[in-house]
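This is target.tsv (TSV, C-alpha atoms).
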```tsv
chain	number	residue	atom	x	y	z
A	969	MET	CA	40.01	0.74	10.21
A	970	ALA	CA	36.78	0.88	12.09
A	971	HIS	CA	33.99	2.45	10.16
A	972	LEU	CA	30.27	3.01	10.38
A	973	GLU	CA	27.70	1.22	8.27
A	974	VAL	CA	25.20	3.88	7.38
A	975	ASP	CA	21.67	3.41	6.13
A	976	VAL	CA	19.51	6.38	5.27
A	977	VAL	CA	15.92	5.37	4.66
A	978	ALA	CA	12.91	7.48	3.81
A	979	ALA	CA	9.30	6.32	4.02
A	980	ASP	CA	9.18	5.23	0.41
A	981	ARG	CA	12.76	4.30	-0.47
A	982	ARG	CA	16.29	3.72	0.69
A	983	VAL	CA	18.16	6.94	0.14
A	984	TRP	CA	21.73	5.91	0.73
A	985	ARG	CA	23.64	3.01	2.10
A	986	GLY	CA	27.37	2.72	2.55
A	987	ASP	CA	30.34	2.92	4.84
A	988	ALA	CA	31.33	6.14	6.51
A	989	GLN	CA	33.88	7.60	8.89
A	990	ALA	CA	31.51	9.96	10.60
A	991	VAL	CA	27.91	11.06	10.61
A	992	SER	CA	26.48	14.25	11.98
A	993	ALA	CA	22.78	14.68	12.46
A	994	PRO	CA	20.41	17.31	13.85
A	995	ALA	CA	19.03	15.68	16.98
A	996	ALA	CA	16.10	17.23	18.79
A	997	ASP	CA	18.18	19.28	21.20
A	998	GLY	CA	21.44	19.82	19.40
A	999	ASP	CA	23.44	18.20	16.65
A	1000	VAL	CA	25.04	14.88	17.37
A	1001	GLY	CA	28.24	13.63	15.79
A	1002	ILE	CA	28.79	9.92	15.53
A	1003	LEU	CA	32.15	8.22	15.14
A	1004	PRO	CA	32.88	4.50	15.14
A	1005	GLY	CA	32.51	3.01	18.60
A	1006	HIS	CA	29.62	5.24	19.63
A	1007	THR	CA	27.38	3.99	22.40
A	1008	PRO	CA	23.95	2.68	21.26
A	1009	LEU	CA	21.72	5.68	20.78
A	1010	LEU	CA	18.19	6.38	19.69
A	1011	ALA	CA	17.69	10.04	18.96
A	1012	ILE	CA	14.81	12.03	17.56
A	1013	LEU	CA	15.78	14.27	14.66
A	1014	ARG	CA	14.48	17.69	13.90
A	1015	GLU	CA	14.42	19.20	10.46
A	1016	GLY	CA	17.91	19.81	9.16
A	1017	GLU	CA	20.82	18.28	7.38
A	1018	VAL	CA	22.47	14.93	7.96
A	1019	ARG	CA	26.10	15.02	6.92
A	1020	ILE	CA	27.94	11.83	6.16
A	1021	THR	CA	31.68	11.58	5.64
A	1022	ALA	CA	32.21	8.46	3.58
A	1023	THR	CA	35.23	6.24	4.02
A	1024	ASP	CA	36.88	7.77	0.97
A	1025	GLY	CA	36.65	11.22	2.53
A	1026	ALA	CA	33.82	12.47	0.37
A	1027	THR	CA	31.00	14.13	2.24
A	1028	ARG	CA	27.38	14.07	1.30
A	1029	SER	CA	24.53	15.74	2.96
A	1030	VAL	CA	20.88	14.85	3.03
A	1031	ARG	CA	18.10	17.22	3.97
A	1032	VAL	CA	15.67	15.52	6.27
A	1033	ASP	CA	12.46	16.34	8.01
A	1034	GLU	CA	11.22	14.60	11.15
A	1035	GLY	CA	12.55	11.17	11.88
A	1036	PHE	CA	14.99	9.43	14.11
A	1037	LEU	CA	18.46	8.04	14.21
A	1038	SER	CA	19.62	4.82	15.74
A	1039	VAL	CA	23.19	3.79	16.46
A	1040	ASP	CA	23.85	0.21	17.33
A	1041	GLY	CA	27.34	-1.25	17.23
A	1042	ASP	CA	28.70	0.87	14.38
A	1043	LYS	CA	25.46	0.51	12.45
A	1044	VAL	CA	23.82	3.87	11.95
A	1045	THR	CA	20.28	4.02	10.66
A	1046	VAL	CA	18.74	7.36	9.80
A	1047	VAL	CA	15.01	6.93	9.42
A	1048	VAL	CA	13.09	9.92	8.16
A	1049	HIS	CA	9.78	10.68	6.53
A	1050	THR	CA	11.23	12.45	3.52
A	1051	ALA	CA	14.81	12.98	2.51
A	1052	THR	CA	16.39	14.90	-0.33
A	1053	GLU	CA	20.01	14.62	-1.21
A	1054	THR	CA	21.67	17.96	-1.54
A	1055	ASP	CA	24.71	17.95	-3.74
A	1056	ALA	CA	26.56	20.54	-1.71
A	1057	GLY	CA	29.92	19.25	-0.65
A	1058	ARG	CA	29.67	15.97	-2.46
A	1059	GLY	CA	33.00	14.82	-3.81
A	1060	ARG	CA	35.02	17.15	-1.67
A	1061	GLY	CA	38.30	15.70	-0.54
A	1062	ARG	CA	38.72	13.43	-3.53
B	1145	MET	CA	-31.30	-14.56	-43.91
B	1146	ALA	CA	-28.70	-11.93	-44.60
B	1147	GLY	CA	-29.93	-10.25	-41.44
B	1148	LYS	CA	-28.59	-13.07	-39.33
B	1149	GLN	CA	-25.18	-12.75	-40.92
B	1150	ARG	CA	-25.14	-9.02	-40.35
B	1151	TYR	CA	-26.10	-9.52	-36.72
B	1152	TYR	CA	-23.20	-11.90	-36.11
B	1153	ARG	CA	-20.71	-9.65	-37.92
B	1154	GLN	CA	-21.78	-6.80	-35.68
B	1155	ARG	CA	-21.35	-8.84	-32.54
B	1156	ILE	CA	-17.89	-9.96	-33.68
B	1157	LYS	CA	-16.87	-6.37	-34.33
B	1158	SER	CA	-18.03	-5.07	-30.95
B	1159	THR	CA	-16.47	-7.99	-29.10
B	1160	GLN	CA	-13.21	-7.32	-30.89
B	1161	ALA	CA	-13.30	-3.71	-29.77
B	1162	LEU	CA	-13.92	-4.83	-26.18
B	1163	LYS	CA	-11.12	-7.36	-26.41
B	1164	LYS	CA	-8.71	-4.60	-27.39
B	1165	ILE	CA	-9.71	-2.62	-24.31
B	1166	PHE	CA	-9.34	-5.63	-22.03
B	1167	ARG	CA	-5.97	-6.44	-23.52
B	1168	ALA	CA	-4.77	-2.85	-23.05
B	1169	MET	CA	-5.96	-2.84	-19.41
B	1170	GLU	CA	-4.22	-6.14	-18.81
B	1171	LEU	CA	-0.94	-4.85	-20.20
B	1172	MET	CA	-1.23	-1.62	-18.22
B	1173	ALA	CA	-1.83	-3.49	-15.00
B	1174	ALA	CA	1.02	-5.85	-15.80
B	1175	SER	CA	3.48	-3.01	-16.33
B	1176	ARG	CA	2.34	-1.15	-13.22
B	1177	ILE	CA	2.44	-4.10	-10.94
B	1178	ALA	CA	6.20	-4.33	-11.27
B	1179	ARG	CA	6.41	-0.76	-10.01
B	1180	ALA	CA	3.91	-1.39	-7.23
B	1181	ARG	CA	5.87	-4.38	-6.02
B	1182	GLU	CA	9.04	-2.33	-6.15
B	1183	SER	CA	7.47	0.29	-3.91
B	1184	VAL	CA	6.40	-2.42	-1.49
B	1185	GLU	CA	10.03	-3.54	-1.43
B	1186	ALA	CA	11.36	0.01	-1.21
B	1187	ALA	CA	9.23	0.78	1.84
B	1188	GLY	CA	10.53	-2.35	3.54
B	1189	PRO	CA	13.73	-0.91	5.08
B	1190	TYR	CA	11.82	1.98	6.62
B	1191	SER	CA	9.16	-0.13	8.27
B	1192	ARG	CA	11.74	-2.65	9.47
B	1193	ALA	CA	13.89	0.11	10.99
B	1194	ILE	CA	10.91	1.70	12.68
B	1195	THR	CA	9.57	-1.59	14.02
B	1196	ARG	CA	12.99	-2.39	15.41
B	1197	ALA	CA	13.25	0.99	17.08
B	1198	VAL	CA	9.76	0.75	18.58
B	1199	SER	CA	10.48	-2.66	20.02
B	1200	ALA	CA	13.78	-1.33	21.37
B	1201	VAL	CA	11.97	1.41	23.28
B	1202	ALA	CA	9.16	-0.90	24.31
B	1203	GLY	CA	11.67	-3.37	25.70
B	1204	HIS	CA	13.42	-0.61	27.56
B	1205	ALA	CA	10.63	0.78	29.64
B	1206	ASP	CA	7.10	0.07	30.68
B	1207	ILE	CA	5.28	2.00	28.10
B	1208	ASP	CA	2.17	3.83	28.92
B	1209	HIS	CA	1.31	5.92	25.97
B	1210	PRO	CA	-2.06	7.26	24.79
B	1211	LEU	CA	-1.70	5.19	21.62
B	1212	THR	CA	-1.26	1.92	23.47
B	1213	ARG	CA	-3.94	2.53	26.09
B	1214	GLU	CA	-7.28	0.76	25.83
B	1215	ARG	CA	-10.15	3.18	25.90
B	1216	PRO	CA	-13.16	1.40	27.34
B	1217	GLU	CA	-14.92	4.71	28.03
B	1218	THR	CA	-15.97	5.13	24.41
B	1219	ASN	CA	-17.91	2.72	22.23
B	1220	ARG	CA	-16.99	4.40	18.98
B	1221	THR	CA	-14.77	2.48	16.60
B	1222	ALA	CA	-13.12	3.64	13.41
B	1223	VAL	CA	-12.88	1.28	10.46
B	1224	LEU	CA	-10.67	2.06	7.48
B	1225	LEU	CA	-11.46	0.23	4.24
B	1226	VAL	CA	-8.86	0.24	1.50
B	1227	THR	CA	-10.38	-0.30	-1.95
B	1228	ALA	CA	-9.70	0.58	-5.57
B	1229	ASP	CA	-10.53	3.74	-7.48
B	1230	ARG	CA	-11.62	1.84	-10.54
B	1231	GLY	CA	-13.39	-1.41	-11.14
B	1232	MET	CA	-12.31	-3.99	-13.69
B	1233	ALA	CA	-10.36	-5.81	-11.02
B	1234	GLY	CA	-12.60	-8.78	-10.50
B	1235	ALA	CA	-13.72	-9.24	-6.93
B	1236	TYR	CA	-10.96	-7.08	-5.47
B	1237	SER	CA	-13.04	-4.22	-4.08
B	1238	ALA	CA	-16.06	-6.40	-3.49
B	1239	SER	CA	-14.18	-8.76	-1.22
B	1240	VAL	CA	-12.75	-5.90	0.84
B	1241	LEU	CA	-16.24	-4.44	1.18
B	1242	ARG	CA	-17.68	-7.81	2.13
B	1243	GLU	CA	-14.99	-8.30	4.75
B	1244	GLY	CA	-15.62	-4.76	5.97
B	1245	GLU	CA	-19.36	-5.36	6.27
B	1246	ARG	CA	-18.71	-8.52	8.23
B	1247	LEU	CA	-16.43	-6.62	10.60
B	1248	ILE	CA	-18.91	-3.79	10.99
B	1249	LYS	CA	-21.68	-6.26	11.82
B	1250	GLU	CA	-19.47	-7.96	14.38
B	1251	LEU	CA	-18.52	-4.66	16.00
B	1252	THR	CA	-22.11	-3.49	16.05
B	1253	GLU	CA	-23.10	-6.70	17.79
B	1254	GLN	CA	-20.47	-5.91	20.40
B	1255	GLY	CA	-22.22	-2.63	21.01
B	1256	GLN	CA	-19.72	-0.53	19.11
B	1257	GLU	CA	-20.69	2.44	17.03
B	1258	VAL	CA	-18.75	2.29	13.79
B	1259	GLN	CA	-17.28	5.31	12.04
B	1260	LEU	CA	-16.29	4.57	8.49
B	1261	TYR	CA	-13.19	5.85	6.78
B	1262	VAL	CA	-12.61	4.67	3.25
B	1263	THR	CA	-10.06	5.06	0.48
B	1264	GLY	CA	-10.87	4.43	-3.16
B	1265	ARG	CA	-13.84	5.55	-5.22
B	1266	ARG	CA	-15.39	2.07	-5.25
B	1267	ALA	CA	-16.02	2.18	-1.53
B	1268	VAL	CA	-17.18	5.79	-1.67
B	1269	SER	CA	-19.80	5.00	-4.32
B	1270	TYR	CA	-20.80	1.80	-2.51
B	1271	TYR	CA	-21.57	3.71	0.67
B	1272	THR	CA	-23.03	6.86	-0.81
B	1273	PHE	CA	-25.42	4.65	-2.82
B	1274	ARG	CA	-26.51	3.05	0.45
B	1275	ARG	CA	-26.73	6.47	2.10
B	1276	ARG	CA	-24.28	5.56	4.80
B	1277	GLU	CA	-22.33	8.34	6.33
B	1278	LEU	CA	-18.58	8.37	5.84
B	1279	ALA	CA	-16.39	9.98	8.46
B	1280	GLY	CA	-13.62	10.42	5.93
B	1281	SER	CA	-12.67	9.39	2.43
B	1282	TRP	CA	-9.64	9.64	0.21
B	1283	THR	CA	-9.59	8.90	-3.50
B	1284	GLY	CA	-7.38	9.12	-6.53
B	1285	PHE	CA	-4.26	7.20	-5.61
B	1286	SER	CA	-5.30	3.60	-5.13
B	1287	ASP	CA	-2.80	2.11	-7.57
B	1288	ALA	CA	0.17	4.27	-6.57
B	1289	PRO	CA	-0.13	5.54	-2.99
B	1290	THR	CA	2.57	7.93	-1.85
B	1291	ALA	CA	4.00	8.40	1.61
B	1292	GLU	CA	2.25	11.78	1.74
B	1293	VAL	CA	-1.28	10.43	1.43
B	1294	ALA	CA	-0.42	7.73	3.95
B	1295	ALA	CA	0.74	10.46	6.33
B	1296	GLU	CA	-2.47	12.40	5.75
B	1297	ILE	CA	-4.67	9.37	6.41
B	1298	ALA	CA	-2.65	8.42	9.46
B	1299	SER	CA	-2.83	11.89	10.96
B	1300	THR	CA	-6.60	12.05	10.46
B	1301	LEU	CA	-7.06	8.68	12.12
B	1302	LEU	CA	-4.64	9.45	14.94
B	1303	GLU	CA	-6.46	12.68	15.57
B	1304	ALA	CA	-9.75	10.82	15.78
B	1305	PHE	CA	-8.19	8.36	18.18
B	1306	LEU	CA	-6.63	10.97	20.41
B	1307	THR	CA	-9.68	13.18	20.58
B	1308	ASP	CA	-11.46	13.11	23.88
B	1309	PRO	CA	-14.31	10.55	23.84
B	1310	SER	CA	-16.81	13.21	24.88
B	1311	GLU	CA	-15.96	15.13	21.72
B	1312	GLY	CA	-16.36	12.20	19.37
B	1313	GLY	CA	-13.04	10.45	19.70
B	1314	VAL	CA	-12.87	6.79	18.78
B	1315	GLY	CA	-11.63	3.96	20.97
B	1316	GLN	CA	-10.34	1.56	18.36
B	1317	LEU	CA	-9.14	1.54	14.80
B	1318	HIS	CA	-9.51	-1.42	12.49
B	1319	VAL	CA	-8.07	-1.56	9.00
B	1320	VAL	CA	-9.35	-3.79	6.21
B	1321	TYR	CA	-6.89	-4.10	3.36
B	1322	THR	CA	-5.82	-6.69	0.84
B	1323	HIS	CA	-2.67	-8.59	1.54
B	1324	PHE	CA	-0.57	-9.32	-1.52
B	1325	VAL	CA	0.43	-12.97	-1.20
B	1326	ASN	CA	1.57	-13.45	-4.78
B	1327	MET	CA	0.42	-12.72	-8.31
B	1328	VAL	CA	-2.52	-15.10	-8.12
B	1329	THR	CA	-3.53	-14.85	-4.47
B	1330	GLN	CA	-4.57	-11.72	-2.63
B	1331	THR	CA	-6.47	-12.05	0.60
B	1332	PRO	CA	-8.45	-9.37	2.41
B	1333	ARG	CA	-7.23	-8.90	5.95
B	1334	VAL	CA	-8.58	-7.22	9.04
B	1335	ILE	CA	-6.06	-5.66	11.42
B	1336	ARG	CA	-6.73	-3.93	14.70
B	1337	MET	CA	-4.35	-1.03	14.42
B	1338	LEU	CA	-5.14	1.06	17.50
B	1339	PRO	CA	-4.68	0.88	20.39
B	1340	LEU	CA	-1.28	-0.48	19.49
B	1341	GLU	CA	-0.43	-3.80	20.97
B	1342	VAL	CA	2.96	-3.86	22.61
B	1343	VAL	CA	5.23	-4.66	19.74
B	1344	ASP	CA	6.81	-8.06	19.67
B	1345	ALA	CA	10.23	-8.71	18.29
B	1346	PRO	CA	10.31	-7.72	14.64
B	1347	THR	CA	9.78	-10.49	12.16
B	1348	GLY	CA	11.11	-10.65	8.65
B	1349	GLU	CA	14.16	-11.81	6.79
B	1350	ASP	CA	16.42	-9.02	7.99
B	1351	VAL	CA	16.09	-9.71	11.68
B	1352	HIS	CA	19.17	-10.21	13.74
B	1353	ASN	CA	18.32	-12.32	16.70
B	1354	GLU	CA	20.78	-10.64	18.96
B	1355	PRO	CA	19.40	-8.96	22.07
B	1356	VAL	CA	18.40	-5.36	21.66
B	1357	PRO	CA	21.26	-3.17	22.94
B	1358	LEU	CA	20.75	-0.80	25.82
B	1359	TYR	CA	20.07	2.37	23.96
B	1360	GLU	CA	20.64	5.82	25.22
B	1361	PHE	CA	17.62	7.89	24.40
B	1362	GLU	CA	17.91	11.40	23.20
B	1363	PRO	CA	16.24	13.45	24.66
B	1364	SER	CA	14.41	10.77	26.74
B	1365	ALA	CA	12.68	7.43	26.30
B	1366	GLU	CA	9.24	9.02	26.64
B	1367	VAL	CA	9.91	11.68	24.04
B	1368	VAL	CA	11.39	9.13	21.67
B	1369	LEU	CA	8.33	6.91	22.06
B	1370	ASP	CA	6.08	9.90	21.61
B	1371	ALA	CA	7.71	10.64	18.29
B	1372	LEU	CA	8.06	7.04	17.18
B	1373	LEU	CA	4.57	5.68	17.63
B	1374	PRO	CA	2.80	8.06	15.24
B	1375	GLN	CA	5.53	7.38	12.69
B	1376	TYR	CA	5.03	3.69	13.23
B	1377	VAL	CA	1.31	4.01	12.58
B	1378	ARG	CA	2.03	6.05	9.48
B	1379	SER	CA	4.46	3.49	8.19
B	1380	ARG	CA	1.99	0.66	8.80
B	1381	ILE	CA	-0.77	2.50	6.97
B	1382	HIS	CA	1.59	3.24	4.10
B	1383	SER	CA	2.45	-0.41	3.84
B	1384	PHE	CA	-1.24	-1.37	3.92
B	1385	LEU	CA	-1.86	1.01	1.05
B	1386	LEU	CA	1.09	-0.32	-0.92
B	1387	GLN	CA	0.03	-3.92	-0.37
B	1388	SER	CA	-3.48	-3.06	-1.48
B	1389	ALA	CA	-2.18	-1.29	-4.57
B	1390	ALA	CA	-0.14	-4.31	-5.59
B	1391	SER	CA	-3.14	-6.56	-4.92
B	1392	GLU	CA	-5.43	-4.31	-6.93
B	1393	LEU	CA	-3.14	-4.37	-9.94
B	1394	ALA	CA	-2.64	-8.12	-9.71
B	1395	ALA	CA	-6.39	-8.67	-9.43
B	1396	ARG	CA	-6.98	-6.34	-12.36
B	1397	GLN	CA	-4.39	-8.07	-14.51
B	1398	GLN	CA	-5.96	-11.41	-13.77
B	1399	ALA	CA	-9.51	-10.21	-14.35
B	1400	MET	CA	-8.56	-8.55	-17.61
B	1401	HIS	CA	-6.68	-11.63	-18.74
B	1402	THR	CA	-9.79	-13.72	-18.18
B	1403	ALA	CA	-11.91	-11.11	-19.91
B	1404	THR	CA	-9.60	-11.14	-22.94
B	1405	GLN	CA	-9.88	-14.91	-23.14
B	1406	ASN	CA	-13.65	-14.76	-22.81
B	1407	ALA	CA	-13.78	-12.22	-25.61
B	1408	GLU	CA	-11.68	-14.54	-27.76
B	1409	ASP	CA	-14.05	-17.42	-27.05
B	1410	LEU	CA	-17.04	-15.27	-27.93
B	1411	ILE	CA	-15.43	-14.14	-31.16
B	1412	ARG	CA	-14.69	-17.75	-32.09
B	1413	ASN	CA	-18.28	-18.79	-31.42
B	1414	PHE	CA	-19.74	-15.86	-33.32
B	1415	THR	CA	-17.44	-16.55	-36.26
B	1416	ARG	CA	-18.69	-20.14	-36.38
B	1417	LEU	CA	-22.30	-19.00	-36.19
B	1418	ALA	CA	-21.70	-16.42	-38.90
B	1419	ASN	CA	-20.10	-19.06	-41.13
B	1420	GLN	CA	-23.04	-21.37	-40.49
B	1421	ALA	CA	-25.46	-18.63	-41.41
B	1422	ARG	CA	-23.53	-17.91	-44.60
B	1423	GLN	CA	-23.43	-21.61	-45.44
B	1424	ALA	CA	-27.16	-21.98	-44.81
B	1425	GLU	CA	-27.84	-19.04	-47.05
B	1426	ILE	CA	-25.78	-20.52	-49.87
B	1427	THR	CA	-27.42	-23.92	-49.46
B	1428	GLN	CA	-30.81	-22.33	-49.61
B	1429	GLU	CA	-29.94	-20.35	-52.72
B	1430	ILE	CA	-28.65	-23.49	-54.45
B	1431	SER	CA	-31.75	-25.48	-53.54
B	1432	GLU	CA	-33.92	-22.63	-54.82
B	1433	ILE	CA	-32.03	-22.56	-58.11
B	1434	VAL	CA	-32.10	-26.36	-58.46
B	1435	SER	CA	-35.78	-26.61	-57.67
B	1436	GLY	CA	-36.46	-23.75	-60.10
B	1437	ALA	CA	-34.49	-25.55	-62.83
B	1438	ASP	CA	-36.28	-28.81	-62.03
B	1439	ALA	CA	-39.62	-27.10	-62.36
B	1440	LEU	CA	-38.64	-25.74	-65.80
B	1441	ALA	CA	-37.26	-29.08	-67.02
B	1442	SER	CA	-40.32	-31.12	-66.17
```
Show me the file's structure as structure tokens.
Amino acid sequence: MAHLEVDVVAADRRVWRGDAQAVSAPAADGDVGILPGHTPLLAILREGEVRITATDGATRSVRVDEGFLSVDGDKVTVVVHTATETDAGRGRGR
Amino acid sequence: MAGKQRYYRQRIKSTQALKKIFRAMELMAASRIARARESVEAAGPYSRAITRAVSAVAGHADIDHPLTRERPETNRTAVLLVTADRGMAGAYSASVLREGERLIKELTEQGQEVQLYVTGRRAVSYYTFRRRELAGSWTGFSDAPTAEVAAEIASTLLEAFLTDPSEGGVGQLHVVYTHFVNMVTQTPRVIRMLPLEVVDAPTGEDVHNEPVPLYEFEPSAEVVLDALLPQYVRSRIHSFLLQSAASELAARQQAMHTATQNAEDLIRNFTRLANQARQAEITQEISEIVSGADALAS
């Protein structure tokens, strides 16, 4: 099954890295959802929540402030200044 | 006679106390350096991602951005010196300051007017002692800089750079920091940070040499670049600070190690001298007794 390789990095650390089915992120003018096979994209993020649905169906969400998101051949990199993992929704679907 | 002995004992005692301090500083630096190197590593993915993104945008369009534009209309130049908050790190701060002075002299000869920004108390005291004006200073974090202070420094410098020249804006930004080569070698480096040179392909171990894909930009290439470049500057400054912090701790560990060994040498010498003094005293006492007995016997 095709999946996304997701990397969430903050200025001072790597927040999360793993495989996912889908990622949704708050882009500057509207949320974007990314599924495997997405066209290469470089989007500016506004403050909000990045939601990642991992391959096992669990979702996790990360609060981010300004940053950007790049999609490149099923590799998704979320690059933000600061990120905090919120536990809401983690483990759902297990 | 006994005075000499007492003198040496005192010196041994005080040197021992110093040695304890040196040893403690060495151990502290040694334990912190692991953390400092970890933070250098941890900031790696971010700066790699951002460099990659910037070069992707730069490759996409002819970029003409205020941050990449040369500004020949102003002769003001900002110089940022990254030094330590505390001494006891050998030549660490001194070599940054020396390199900085050299750069300032060079810029002045080119007709530039230098505005100084410094981090670390060593540089602040160096320049306040010489009554040189500082345009900005930050202290209190030199061995563990956070992303927040890096952001603060970067935004101050970017603001200075983007200000209109007639209102005191600067035309260039140079950074002097210490590059952490390894535990024994740290070299001061001068980098011209602004205006940004058009970014080349990213270098580093994680680079894939495939061509950069044709990105779609959201909302547009210009807006993306607008948002990226300040973040890129911030990330570079953060990495300069982290490199300097690791260098500072390595230099301190080394300096304190040498100091501990010197203290040990001193203690050894003083112990020998004290023993000699004791021996001399005993010899003298014996010869006094013997000559006294001789005088009585004859």
6 Å contacts from chain B to chain A using only C-alpha atoms, as a list in words: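 In the required form, that comes to Ala1186, Ala1187, Tyr1190, Tyr1359, Glu1360, Phe1361 and Glu1362 of chain B.
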Compile the contact shell of region 1226-1231 of chain B as a count of residues only: residues with an atom at most 7 Å away, counting only C-alpha atoms, same-chain residues fewer than 6 positions apart removed. 15
CA of Ile1156 (chain B) and CA of Asn1419 (chain B) are how many Å apart? 12.0 Å
Report, in Å with one decimal, the straight-line distance from CA of Thr1331 (chain B) to CA of Ala1238 (chain B).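 For CA of Thr1331 (chain B) relative to CA of Ala1238 (chain B), the distance reads 11.9 Å.
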Compile the contact shell of region 1165-1173 of chain B as a count of residues only: residues with an atom at most 7 Å away, counting all atoms listed in the file, same-chain residues fewer than 4 positions apart removed. 9
For a test of reading the model, state the distance in Å between CA of Ser1379 (chain B) and CA of Thr1290 (chain B), rounded to one decimal.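 If I compute the distance from CA of Ser1379 (chain B) to CA of Thr1290 (chain B), I get 11.1 Å.
Residues having any atom no farther than 9 Å from (-8.8, -3.6, 7.6) (counting all atoms listed in the file) are Val1223, Leu1224, Leu1225, Val1226, Val1240, Glu1243, Gly1244, Leu1247, Leu1317, His1318, Val1319, Val1320, Tyr1321, Thr1322, Pro1332, Arg1333, Val1334, Ile1335, Arg1336, Met1337 and Phe1384 of chain B.
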For region 1157-1160 of chain B, work out the shell of residues within 10 Å, counting all atoms listed in the file and skipping chain neighbours fewer than 6 positions away, then give it as number ranges by chain. B: 1166, 1404, 1406-1411, 1414
Those same residues, written as a short mmCIF file (atom, residue, chain, number, x, y, z; two decimals), in the coordinates of the input with C-alpha atoms?
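The resulting file, result-v4.cif, is shown below:
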```
data_model
loop_
_atom_site.label_atom_id
_atom_site.label_comp_id
_atom_site.auth_asym_id
_atom_site.auth_seq_id
_atom_site.Cartn_x
_atom_site.Cartn_y
_atom_site.Cartn_z
CA PHE B 1166 -9.34 -5.63 -22.03
CA THR B 1404 -9.60 -11.14 -22.94
CA ASN B 1406 -13.65 -14.76 -22.81
CA ALA B 1407 -13.78 -12.22 -25.61
CA GLU B 1408 -11.68 -14.54 -27.76
CA ASP B 1409 -14.05 -17.42 -27.05
CA LEU B 1410 -17.04 -15.27 -27.93
CA ILE B 1411 -15.43 -14.14 -31.16
CA PHE B 1414 -19.74 -15.86 -33.32
#
```
Protein, DNA and RNA residues within 7 Å of (18.6, 13.7, 7.5), all atoms listed in the file, as number ranges by chain: A: 993, 1016-1018, 1030-1033, 1046, 1048, 1051
I'd like the contact shell of Ser992 (chain A) - 10 Å cut-off, only C-alpha atoms, skipping same-chain residues fewer than 6 positions apart - returned as number ranges by chain. A: 999-1003, 1017-1021, 1029
With only C-alpha atoms as the basis for distance, which of B:Ala1421, B:Glu1341, B:Gly1436, B:Tyr1271 is at the shortest distance from Leu1241 (chain B)? B:Tyr1271
Tell me, as a PyMOL selection string, which residues lie within 12 Å of Tyr1376 (chain B), counting only C-alpha atoms; anything in the same chain fewer than 5 positions away does not count. (chain A and resi 979+1035-1036+1047-1049) or (chain B and resi 1190-1199+1211+1294-1295+1298-1299+1302+1337-1338+1340+1343+1368-1371+1381-1383)
Using only C-alpha atoms, which residue out of A:Asp1024, A:Glu1015, A:Asp987, A:Glu1053 lies closest to Leu972 (chain A)?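 Checking each candidate against Leu972 (chain A), we get A:Asp987 as the closest.
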With distances taken over all atoms listed in the file, which residue among B:Ile1430, B:Val1377, B:Ala1424, B:Val1184 lies nearest Phe1305 (chain B)?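 With all atoms listed in the file as the atom set, the closest residue is B:Val1377.
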Please return region 1033-1043 of chain A, rebuilt to N, CA and C atoms, as a PDB file, in the coordinates of the input.
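Saved file rebuild-v7.pdb follows:
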```
ATOM      1  N   ASP A1033      13.431  15.746   7.102  1.00  0.00           N
ATOM      2  CA  ASP A1033      12.460  16.340   8.010  1.00  0.00           C
ATOM      3  C   ASP A1033      12.384  15.411   9.226  1.00  0.00           C
ATOM      4  N   GLU A1034      11.279  15.349   9.889  1.00  0.00           N
ATOM      5  CA  GLU A1034      11.220  14.600  11.150  1.00  0.00           C
ATOM      6  C   GLU A1034      11.583  13.117  10.932  1.00  0.00           C
ATOM      7  N   GLY A1035      12.157  12.561  11.954  1.00  0.00           N
ATOM      8  CA  GLY A1035      12.550  11.170  11.880  1.00  0.00           C
ATOM      9  C   GLY A1035      13.375  10.825  13.091  1.00  0.00           C
ATOM     10  N   PHE A1036      14.128   9.747  12.994  1.00  0.00           N
ATOM     11  CA  PHE A1036      14.990   9.430  14.110  1.00  0.00           C
ATOM     12  C   PHE A1036      16.255   8.751  13.622  1.00  0.00           C
ATOM     13  N   LEU A1037      17.171   8.602  14.540  1.00  0.00           N
ATOM     14  CA  LEU A1037      18.460   8.040  14.210  1.00  0.00           C
ATOM     15  C   LEU A1037      18.769   6.965  15.230  1.00  0.00           C
ATOM     16  N   SER A1038      19.225   5.827  14.765  1.00  0.00           N
ATOM     17  CA  SER A1038      19.620   4.820  15.740  1.00  0.00           C
ATOM     18  C   SER A1038      21.050   4.388  15.475  1.00  0.00           C
ATOM     19  N   VAL A1039      21.814   4.263  16.541  1.00  0.00           N
ATOM     20  CA  VAL A1039      23.190   3.790  16.460  1.00  0.00           C
ATOM     21  C   VAL A1039      23.254   2.516  17.265  1.00  0.00           C
ATOM     22  N   ASP A1040      23.821   1.495  16.653  1.00  0.00           N
ATOM     23  CA  ASP A1040      23.850   0.210  17.330  1.00  0.00           C
ATOM     24  C   ASP A1040      25.083  -0.525  16.822  1.00  0.00           C
ATOM     25  N   GLY A1041      26.121  -0.543  17.600  1.00  0.00           N
ATOM     26  CA  GLY A1041      27.340  -1.250  17.230  1.00  0.00           C
ATOM     27  C   GLY A1041      27.862  -0.893  15.854  1.00  0.00           C
ATOM     28  N   ASP A1042      28.161   0.375  15.648  1.00  0.00           N
ATOM     29  CA  ASP A1042      28.700   0.870  14.380  1.00  0.00           C
ATOM     30  C   ASP A1042      27.734   0.754  13.196  1.00  0.00           C
ATOM     31  N   LYS A1043      26.482   0.458  13.509  1.00  0.00           N
ATOM     32  CA  LYS A1043      25.460   0.510  12.450  1.00  0.00           C
ATOM     33  C   LYS A1043      24.602   1.736  12.716  1.00  0.00           C
TER      34      LYS A1043
END
```
